[in-house]
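Trainee: Just so it is clear, I am handing over run16.cif, which has mmCIF, N, CA and C atoms.
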```
data_target
#
loop_
_atom_site.group_PDB
_atom_site.id
_atom_site.type_symbol
_atom_site.label_atom_id
_atom_site.label_comp_id
_atom_site.auth_asym_id
_atom_site.auth_seq_id
_atom_site.Cartn_x
_atom_site.Cartn_y
_atom_site.Cartn_z
ATOM 1 N N MET F 1 3.720 -15.122 -1.489
ATOM 2 C CA MET F 1 5.075 -14.718 -1.719
ATOM 3 C C MET F 1 5.881 -15.909 -2.210
ATOM 4 N N GLY F 2 6.867 -15.597 -3.004
ATOM 5 C CA GLY F 2 7.728 -16.643 -3.523
ATOM 6 C C GLY F 2 8.866 -16.942 -2.562
ATOM 7 N N THR F 3 9.640 -17.900 -2.943
ATOM 8 C CA THR F 3 10.793 -18.241 -2.125
ATOM 9 C C THR F 3 11.931 -17.302 -2.462
ATOM 10 N N SER F 4 12.801 -17.058 -1.495
ATOM 11 C CA SER F 4 13.927 -16.167 -1.685
ATOM 12 C C SER F 4 15.219 -16.976 -1.716
ATOM 13 N N LYS F 5 16.153 -16.519 -2.530
ATOM 14 C CA LYS F 5 17.425 -17.231 -2.578
ATOM 15 C C LYS F 5 18.383 -16.728 -1.503
ATOM 16 N N TYR F 6 17.969 -15.707 -0.746
ATOM 17 C CA TYR F 6 18.787 -15.165 0.339
ATOM 18 C C TYR F 6 18.169 -15.532 1.679
ATOM 19 N N THR F 7 18.987 -16.015 2.582
ATOM 20 C CA THR F 7 18.490 -16.400 3.902
ATOM 21 C C THR F 7 18.233 -15.151 4.738
ATOM 22 N N PRO F 8 17.373 -15.267 5.736
ATOM 23 C CA PRO F 8 17.140 -14.125 6.629
ATOM 24 C C PRO F 8 18.425 -13.663 7.326
ATOM 25 N N GLU F 9 19.311 -14.591 7.614
ATOM 26 C CA GLU F 9 20.583 -14.221 8.259
ATOM 27 C C GLU F 9 21.427 -13.365 7.325
ATOM 28 N N PHE F 10 21.454 -13.739 6.028
ATOM 29 C CA PHE F 10 22.217 -12.961 5.058
ATOM 30 C C PHE F 10 21.639 -11.562 4.936
ATOM 31 N N ARG F 11 20.313 -11.465 4.891
ATOM 32 C CA ARG F 11 19.664 -10.152 4.808
ATOM 33 C C ARG F 11 20.012 -9.295 6.017
ATOM 34 N N ALA F 12 19.919 -9.892 7.207
ATOM 35 C CA ALA F 12 20.227 -9.145 8.428
ATOM 36 C C ALA F 12 21.682 -8.686 8.432
ATOM 37 N N ASP F 13 22.582 -9.547 7.991
ATOM 38 C CA ASP F 13 23.995 -9.172 7.916
ATOM 39 C C ASP F 13 24.216 -8.055 6.895
ATOM 40 N N ALA F 14 23.514 -8.118 5.779
ATOM 41 C CA ALA F 14 23.645 -7.081 4.757
ATOM 42 C C ALA F 14 23.166 -5.735 5.284
ATOM 43 N N VAL F 15 22.061 -5.732 5.993
ATOM 44 C CA VAL F 15 21.536 -4.497 6.578
ATOM 45 C C VAL F 15 22.513 -3.960 7.617
ATOM 46 N N ALA F 16 23.048 -4.852 8.445
ATOM 47 C CA ALA F 16 24.021 -4.427 9.458
ATOM 48 C C ALA F 16 25.268 -3.846 8.806
ATOM 49 N N LEU F 17 25.738 -4.446 7.723
ATOM 50 C CA LEU F 17 26.910 -3.932 7.014
ATOM 51 C C LEU F 17 26.630 -2.546 6.446
ATOM 52 N N TYR F 18 25.441 -2.352 5.862
ATOM 53 C CA TYR F 18 25.081 -1.041 5.319
ATOM 54 C C TYR F 18 25.033 0.006 6.433
ATOM 55 N N ARG F 19 24.420 -0.353 7.551
ATOM 56 C CA ARG F 19 24.311 0.598 8.669
ATOM 57 C C ARG F 19 25.674 0.901 9.287
ATOM 58 N N ALA F 20 26.605 -0.043 9.214
ATOM 59 C CA ALA F 20 27.935 0.151 9.777
ATOM 60 C C ALA F 20 28.842 0.938 8.830
ATOM 61 N N SER F 21 28.330 1.298 7.663
ATOM 62 C CA SER F 21 29.121 2.021 6.668
ATOM 63 C C SER F 21 28.530 3.404 6.429
ATOM 64 N N PRO F 22 28.672 4.324 7.384
ATOM 65 C CA PRO F 22 28.081 5.655 7.192
ATOM 66 C C PRO F 22 28.742 6.366 6.010
ATOM 67 N N GLY F 23 27.937 7.041 5.252
ATOM 68 C CA GLY F 23 28.448 7.773 4.108
ATOM 69 C C GLY F 23 28.462 6.975 2.817
ATOM 70 N N ARG F 24 28.354 5.670 2.893
ATOM 71 C CA ARG F 24 28.324 4.861 1.674
ATOM 72 C C ARG F 24 26.882 4.712 1.201
ATOM 73 N N THR F 25 26.727 4.703 -0.087
ATOM 74 C CA THR F 25 25.392 4.514 -0.652
ATOM 75 C C THR F 25 25.091 3.018 -0.745
ATOM 76 N N TYR F 26 23.883 2.721 -1.183
ATOM 77 C CA TYR F 26 23.486 1.318 -1.319
ATOM 78 C C TYR F 26 24.334 0.592 -2.369
ATOM 79 N N ALA F 27 24.652 1.279 -3.451
ATOM 80 C CA ALA F 27 25.308 0.628 -4.587
ATOM 81 C C ALA F 27 26.637 -0.044 -4.234
ATOM 82 N N PRO F 28 27.586 0.647 -3.584
ATOM 83 C CA PRO F 28 28.851 -0.037 -3.312
ATOM 84 C C PRO F 28 28.717 -1.174 -2.295
ATOM 85 N N VAL F 29 27.860 -0.997 -1.313
ATOM 86 C CA VAL F 29 27.657 -2.060 -0.324
ATOM 87 C C VAL F 29 27.024 -3.268 -1.006
ATOM 88 N N ALA F 30 26.017 -3.012 -1.845
ATOM 89 C CA ALA F 30 25.344 -4.097 -2.555
ATOM 90 C C ALA F 30 26.307 -4.805 -3.506
ATOM 91 N N LYS F 31 27.168 -4.029 -4.149
ATOM 92 C CA LYS F 31 28.136 -4.639 -5.066
ATOM 93 C C LYS F 31 29.102 -5.551 -4.307
ATOM 94 N N ASP F 32 29.535 -5.113 -3.116
ATOM 95 C CA ASP F 32 30.414 -5.950 -2.291
ATOM 96 C C ASP F 32 29.737 -7.263 -1.908
ATOM 97 N N LEU F 33 28.422 -7.207 -1.709
ATOM 98 C CA LEU F 33 27.667 -8.396 -1.290
ATOM 99 C C LEU F 33 27.203 -9.243 -2.475
ATOM 100 N N GLY F 34 27.236 -8.665 -3.672
ATOM 101 C CA GLY F 34 26.781 -9.399 -4.852
ATOM 102 C C GLY F 34 25.276 -9.396 -5.025
ATOM 103 N N VAL F 35 24.611 -8.322 -4.535
ATOM 104 C CA VAL F 35 23.158 -8.196 -4.701
ATOM 105 C C VAL F 35 22.864 -6.878 -5.406
ATOM 106 N N ASN F 36 21.670 -6.743 -5.879
ATOM 107 C CA ASN F 36 21.233 -5.513 -6.516
ATOM 108 C C ASN F 36 21.074 -4.432 -5.458
ATOM 109 N N HIS F 37 21.384 -3.178 -5.825
ATOM 110 C CA HIS F 37 21.271 -2.090 -4.848
ATOM 111 C C HIS F 37 19.822 -1.862 -4.406
ATOM 112 N N GLU F 38 18.869 -2.104 -5.302
ATOM 113 C CA GLU F 38 17.460 -1.951 -4.926
ATOM 114 C C GLU F 38 17.042 -3.030 -3.934
ATOM 115 N N THR F 39 17.593 -4.224 -4.082
ATOM 116 C CA THR F 39 17.303 -5.297 -3.137
ATOM 117 C C THR F 39 17.779 -4.911 -1.749
ATOM 118 N N LEU F 40 18.987 -4.381 -1.671
ATOM 119 C CA LEU F 40 19.517 -3.944 -0.374
ATOM 120 C C LEU F 40 18.688 -2.814 0.200
ATOM 121 N N ARG F 41 18.268 -1.886 -0.649
ATOM 122 C CA ARG F 41 17.446 -0.761 -0.185
ATOM 123 C C ARG F 41 16.133 -1.258 0.415
ATOM 124 N N VAL F 42 15.513 -2.232 -0.239
ATOM 125 C CA VAL F 42 14.252 -2.797 0.268
ATOM 126 C C VAL F 42 14.491 -3.492 1.605
ATOM 127 N N TRP F 43 15.587 -4.226 1.721
ATOM 128 C CA TRP F 43 15.888 -4.901 2.988
ATOM 129 C C TRP F 43 16.086 -3.896 4.111
ATOM 130 N N VAL F 44 16.784 -2.803 3.835
ATOM 131 C CA VAL F 44 17.014 -1.773 4.862
ATOM 132 C C VAL F 44 15.688 -1.131 5.246
ATOM 133 N N ARG F 45 14.854 -0.827 4.259
ATOM 134 C CA ARG F 45 13.551 -0.217 4.545
ATOM 135 C C ARG F 45 12.683 -1.155 5.379
ATOM 136 N N GLU F 46 12.670 -2.442 5.035
ATOM 137 C CA GLU F 46 11.881 -3.416 5.796
ATOM 138 C C GLU F 46 12.394 -3.534 7.224
ATOM 139 N N ALA F 47 13.722 -3.484 7.404
ATOM 140 C CA ALA F 47 14.298 -3.563 8.752
ATOM 141 C C ALA F 47 13.927 -2.335 9.572
ATOM 142 N N GLU F 48 13.909 -1.167 8.927
ATOM 143 C CA GLU F 48 13.525 0.059 9.636
ATOM 144 C C GLU F 48 12.059 0.010 10.035
ATOM 145 N N GLN F 49 11.208 -0.483 9.147
ATOM 146 C CA GLN F 49 9.781 -0.569 9.452
ATOM 147 C C GLN F 49 9.509 -1.601 10.540
ATOM 148 N N ALA F 50 10.273 -2.674 10.543
ATOM 149 C CA ALA F 50 10.084 -3.713 11.554
ATOM 150 C C ALA F 50 10.479 -3.210 12.936
ATOM 151 N N ALA F 51 11.363 -2.209 12.989
ATOM 152 C CA ALA F 51 11.813 -1.671 14.266
ATOM 153 C C ALA F 51 10.786 -0.729 14.890
ATOM 154 N N VAL F 52 9.842 -0.233 14.107
ATOM 155 C CA VAL F 52 8.825 0.691 14.607
ATOM 156 C C VAL F 52 7.621 -0.114 15.090
ATOM 157 N N PRO F 53 7.220 0.060 16.360
ATOM 158 C CA PRO F 53 6.064 -0.706 16.854
ATOM 159 C C PRO F 53 4.778 -0.316 16.121
ATOM 160 N N GLY F 54 3.977 -1.300 15.797
ATOM 161 C CA GLY F 54 2.691 -1.065 15.149
ATOM 162 C C GLY F 54 2.760 -1.025 13.636
ATOM 163 N N THR F 55 3.945 -1.013 13.075
ATOM 164 C CA THR F 55 4.076 -0.928 11.628
ATOM 165 C C THR F 55 3.599 -2.201 10.948
ATOM 166 N N ALA F 56 3.847 -3.327 11.555
ATOM 167 C CA ALA F 56 3.435 -4.600 10.958
ATOM 168 C C ALA F 56 1.912 -4.661 10.819
ATOM 169 N N GLU F 57 1.207 -4.173 11.841
ATOM 170 C CA GLU F 57 -0.257 -4.183 11.787
ATOM 171 C C GLU F 57 -0.754 -3.237 10.700
ATOM 172 N N ALA F 58 -0.135 -2.059 10.603
ATOM 173 C CA ALA F 58 -0.546 -1.095 9.583
ATOM 174 C C ALA F 58 -0.275 -1.636 8.186
ATOM 175 N N THR F 59 0.854 -2.311 8.021
ATOM 176 C CA THR F 59 1.183 -2.897 6.728
ATOM 177 C C THR F 59 0.187 -3.999 6.373
ATOM 178 N N ALA F 60 -0.188 -4.809 7.348
ATOM 179 C CA ALA F 60 -1.152 -5.875 7.099
ATOM 180 C C ALA F 60 -2.514 -5.289 6.721
ATOM 181 N N LEU F 61 -2.929 -4.217 7.386
ATOM 182 C CA LEU F 61 -4.203 -3.578 7.053
ATOM 183 C C LEU F 61 -4.156 -2.955 5.661
ATOM 184 N N ALA F 62 -3.050 -2.332 5.324
ATOM 185 C CA ALA F 62 -2.916 -1.746 3.992
ATOM 186 C C ALA F 62 -2.979 -2.822 2.920
ATOM 187 N N ARG F 63 -2.337 -3.958 3.173
ATOM 188 C CA ARG F 63 -2.365 -5.075 2.225
ATOM 189 C C ARG F 63 -3.795 -5.592 2.068
ATOM 190 N N GLU F 64 -4.508 -5.721 3.187
ATOM 191 C CA GLU F 64 -5.885 -6.208 3.133
ATOM 192 C C GLU F 64 -6.782 -5.232 2.370
ATOM 193 N N ASN F 65 -6.598 -3.928 2.605
ATOM 194 C CA ASN F 65 -7.385 -2.931 1.880
ATOM 195 C C ASN F 65 -7.113 -2.994 0.384
ATOM 196 N N ARG F 66 -5.851 -3.168 0.012
ATOM 197 C CA ARG F 66 -5.487 -3.262 -1.395
ATOM 198 C C ARG F 66 -6.155 -4.489 -2.030
ATOM 199 N N GLN F 67 -6.170 -5.609 -1.315
ATOM 200 C CA GLN F 67 -6.803 -6.814 -1.840
ATOM 201 C C GLN F 67 -8.308 -6.619 -1.985
ATOM 202 N N LEU F 68 -8.927 -5.979 -1.015
ATOM 203 C CA LEU F 68 -10.367 -5.754 -1.084
ATOM 204 C C LEU F 68 -10.718 -4.814 -2.235
ATOM 205 N N ARG F 69 -9.881 -3.816 -2.469
ATOM 206 C CA ARG F 69 -10.142 -2.910 -3.588
ATOM 207 C C ARG F 69 -10.079 -3.644 -4.915
ATOM 208 N N THR F 70 -9.107 -4.543 -5.055
ATOM 209 C CA THR F 70 -8.988 -5.277 -6.318
ATOM 210 C C THR F 70 -10.124 -6.278 -6.490
ATOM 211 N N GLN F 71 -10.703 -6.727 -5.389
ATOM 212 C CA GLN F 71 -11.826 -7.658 -5.462
ATOM 213 C C GLN F 71 -13.146 -6.922 -5.670
ATOM 214 N N GLY F 72 -13.142 -5.595 -5.560
ATOM 215 C CA GLY F 72 -14.346 -4.818 -5.789
ATOM 216 C C GLY F 72 -15.200 -4.628 -4.557
ATOM 217 N N ALA F 73 -14.670 -4.874 -3.379
ATOM 218 C CA ALA F 73 -15.471 -4.738 -2.170
ATOM 219 C C ALA F 73 -15.696 -3.287 -1.795
ATOM 220 N N PHE F 74 -14.898 -2.355 -2.329
ATOM 221 C CA PHE F 74 -15.047 -0.944 -1.988
ATOM 222 C C PHE F 74 -15.680 -0.141 -3.112
ATOM 223 N N ARG F 75 -16.518 -0.779 -3.912
ATOM 224 C CA ARG F 75 -17.184 -0.036 -4.980
ATOM 225 C C ARG F 75 -18.143 0.970 -4.374
ATOM 226 N N PRO F 76 -18.217 2.166 -4.915
ATOM 227 C CA PRO F 76 -19.175 3.141 -4.411
ATOM 228 C C PRO F 76 -20.591 2.605 -4.552
ATOM 229 N N GLY F 77 -21.340 2.654 -3.492
ATOM 230 C CA GLY F 77 -22.715 2.185 -3.519
ATOM 231 C C GLY F 77 -22.855 0.687 -3.365
ATOM 232 N N ALA F 78 -21.756 -0.050 -3.247
ATOM 233 C CA ALA F 78 -21.834 -1.499 -3.155
ATOM 234 C C ALA F 78 -22.508 -1.946 -1.869
ATOM 235 N N ALA F 79 -22.355 -1.166 -0.816
ATOM 236 C CA ALA F 79 -22.932 -1.543 0.465
ATOM 237 C C ALA F 79 -24.344 -0.999 0.627
ATOM 238 N N GLY F 80 -24.863 -0.373 -0.406
ATOM 239 C CA GLY F 80 -26.208 0.169 -0.310
ATOM 240 C C GLY F 80 -26.255 1.467 0.477
ATOM 241 N N SER F 81 -25.153 2.215 0.492
ATOM 242 C CA SER F 81 -25.113 3.443 1.268
ATOM 243 C C SER F 81 -25.938 4.548 0.628
ATOM 244 N N VAL F 82 -26.285 4.403 -0.644
ATOM 245 C CA VAL F 82 -27.102 5.384 -1.338
ATOM 246 C C VAL F 82 -28.411 4.698 -1.694
ATOM 247 N N ALA F 83 -29.502 5.347 -1.377
ATOM 248 C CA ALA F 83 -30.803 4.766 -1.690
ATOM 249 C C ALA F 83 -30.937 4.606 -3.198
ATOM 250 N N PRO F 84 -31.416 3.456 -3.666
ATOM 251 C CA PRO F 84 -31.496 3.209 -5.109
ATOM 252 C C PRO F 84 -32.351 4.229 -5.851
ATOM 253 N N TRP F 85 -33.401 4.738 -5.210
ATOM 254 C CA TRP F 85 -34.279 5.687 -5.878
ATOM 255 C C TRP F 85 -33.645 7.070 -5.999
ATOM 256 N N SER F 86 -32.536 7.335 -5.263
ATOM 257 C CA SER F 86 -31.957 8.674 -5.282
ATOM 258 C C SER F 86 -30.739 8.792 -6.190
ATOM 259 N N ARG F 87 -30.291 7.726 -6.773
ATOM 260 C CA ARG F 87 -29.069 7.780 -7.584
ATOM 261 C C ARG F 87 -29.247 8.708 -8.784
ATOM 262 N N GLY F 88 -28.402 9.701 -8.846
ATOM 263 C CA GLY F 88 -28.392 10.610 -9.977
ATOM 264 C C GLY F 88 -29.373 11.748 -9.898
ATOM 265 N N ARG F 89 -30.328 11.704 -8.993
ATOM 266 C CA ARG F 89 -31.332 12.774 -8.943
ATOM 267 C C ARG F 89 -30.758 14.093 -8.455
ATOM 268 N N ARG F 90 -29.862 14.040 -7.467
ATOM 269 C CA ARG F 90 -29.348 15.281 -6.893
ATOM 270 C C ARG F 90 -28.601 16.091 -7.955
ATOM 271 N N ARG F 91 -27.781 15.447 -8.748
ATOM 272 C CA ARG F 91 -27.003 16.224 -9.707
ATOM 273 C C ARG F 91 -27.859 16.706 -10.877
ATOM 274 N N ARG F 92 -29.017 16.101 -11.106
ATOM 275 C CA ARG F 92 -29.906 16.564 -12.174
ATOM 276 C C ARG F 92 -30.933 17.572 -11.675
ATOM 277 N N GLY F 93 -30.911 17.893 -10.368
ATOM 278 C CA GLY F 93 -31.883 18.836 -9.835
ATOM 279 C C GLY F 93 -33.249 18.223 -9.639
ATOM 280 N N LEU F 94 -33.329 16.913 -9.466
ATOM 281 C CA LEU F 94 -34.616 16.238 -9.324
ATOM 282 C C LEU F 94 -34.841 15.729 -7.914
ATOM 283 N N TRP F 95 -34.163 16.284 -6.941
ATOM 284 C CA TRP F 95 -34.298 15.822 -5.569
ATOM 285 C C TRP F 95 -35.653 16.262 -5.018
ATOM 286 N N PRO F 96 -36.420 15.372 -4.399
ATOM 287 C CA PRO F 96 -37.735 15.750 -3.867
ATOM 288 C C PRO F 96 -37.609 16.893 -2.864
ATOM 289 N N GLY F 97 -38.435 17.889 -3.050
ATOM 290 C CA GLY F 97 -38.442 19.035 -2.157
ATOM 291 C C GLY F 97 -37.471 20.123 -2.557
ATOM 292 N N SER F 98 -36.681 19.889 -3.589
ATOM 293 C CA SER F 98 -35.741 20.930 -4.023
ATOM 294 C C SER F 98 -36.463 21.894 -4.940
ATOM 295 N N PRO F 99 -36.068 23.156 -4.879
ATOM 296 C CA PRO F 99 -36.722 24.131 -5.787
ATOM 297 C C PRO F 99 -36.368 23.831 -7.239
ATOM 298 N N GLY F 100 -37.223 24.133 -8.099
ATOM 299 C CA GLY F 100 -36.940 23.904 -9.515
ATOM 300 C C GLY F 100 -37.698 22.721 -10.041
ATOM 301 N N ARG F 101 -37.074 21.994 -10.934
ATOM 302 C CA ARG F 101 -37.732 20.916 -11.649
ATOM 303 C C ARG F 101 -38.195 19.791 -10.741
ATOM 304 N N GLY F 102 -37.499 19.513 -9.667
ATOM 305 C CA GLY F 102 -37.817 18.355 -8.844
ATOM 306 C C GLY F 102 -38.834 18.625 -7.747
ATOM 307 N N ALA F 103 -39.373 19.841 -7.658
ATOM 308 C CA ALA F 103 -40.288 20.177 -6.563
ATOM 309 C C ALA F 103 -41.584 19.379 -6.614
ATOM 310 N N HIS F 104 -41.994 18.930 -7.746
ATOM 311 C CA HIS F 104 -43.260 18.206 -7.870
ATOM 312 C C HIS F 104 -43.143 16.734 -7.497
ATOM 313 N N LEU F 105 -41.924 16.205 -7.313
ATOM 314 C CA LEU F 105 -41.766 14.789 -7.002
ATOM 315 C C LEU F 105 -42.131 14.509 -5.621
#
```
Would you encode the structure as structure tokens?
Mentor:
Amino acid sequence: MGTSKYTPEFRADAVALYRASPGRTYAPVAKDLGVNHETLRVWVREAEQAAVPGTAEATALARENRQLRTQGAFRPGAAGSVAPWSRGRRRRGLWPGSPGRGAHL
């Protein structure tokens, strides 16, 4: 992650200001603070998620899964879950013991 130009205290104050303003959307509150409305929305969402127990662990696991997928660790068949001799035979009807073309194998 990169560095942020907003301190954690400023973020917390911005979230508190938004929560203390029922009926106002993100845009006017963000404009008063001099930040983008999407930035404020993300801060509010992160604060809500941080308040729920177990969310941090789930977020960390999701991040790890995303990294593993991009590294190719979840490729189908990468762990050897399919026997090498059986790849493609089932869909072609060549499975040993199946009726039809593959019965002789």
Trainee: Taking the file above as input, evaluate the PyMOL selection byres ((chain F and resi 5-14) around 8) and report the hits as a PyMOL selection string.
Mentor: chain F and resi 2-4+15-20+29+33+40+43-44
Trainee: What is the distance between CA of Ala50 in chain F and CA of Arg69 in chain F, in Å to one decimal?
Mentor: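 These atoms are spaced 25.3 Å apart.
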Trainee: Box along x, y and z, 8 Å on every side, all listed atoms of range 61-64 of chain F inside: centre and edge lengths in Å to one decimal, as lines of an AutoDock Vina configuration file.
Mentor:
```
center_x = -4.6
center_y = -4.0
center_z = 4.7
size_x = 20.4
size_y = 20.5
size_z = 21.3
```
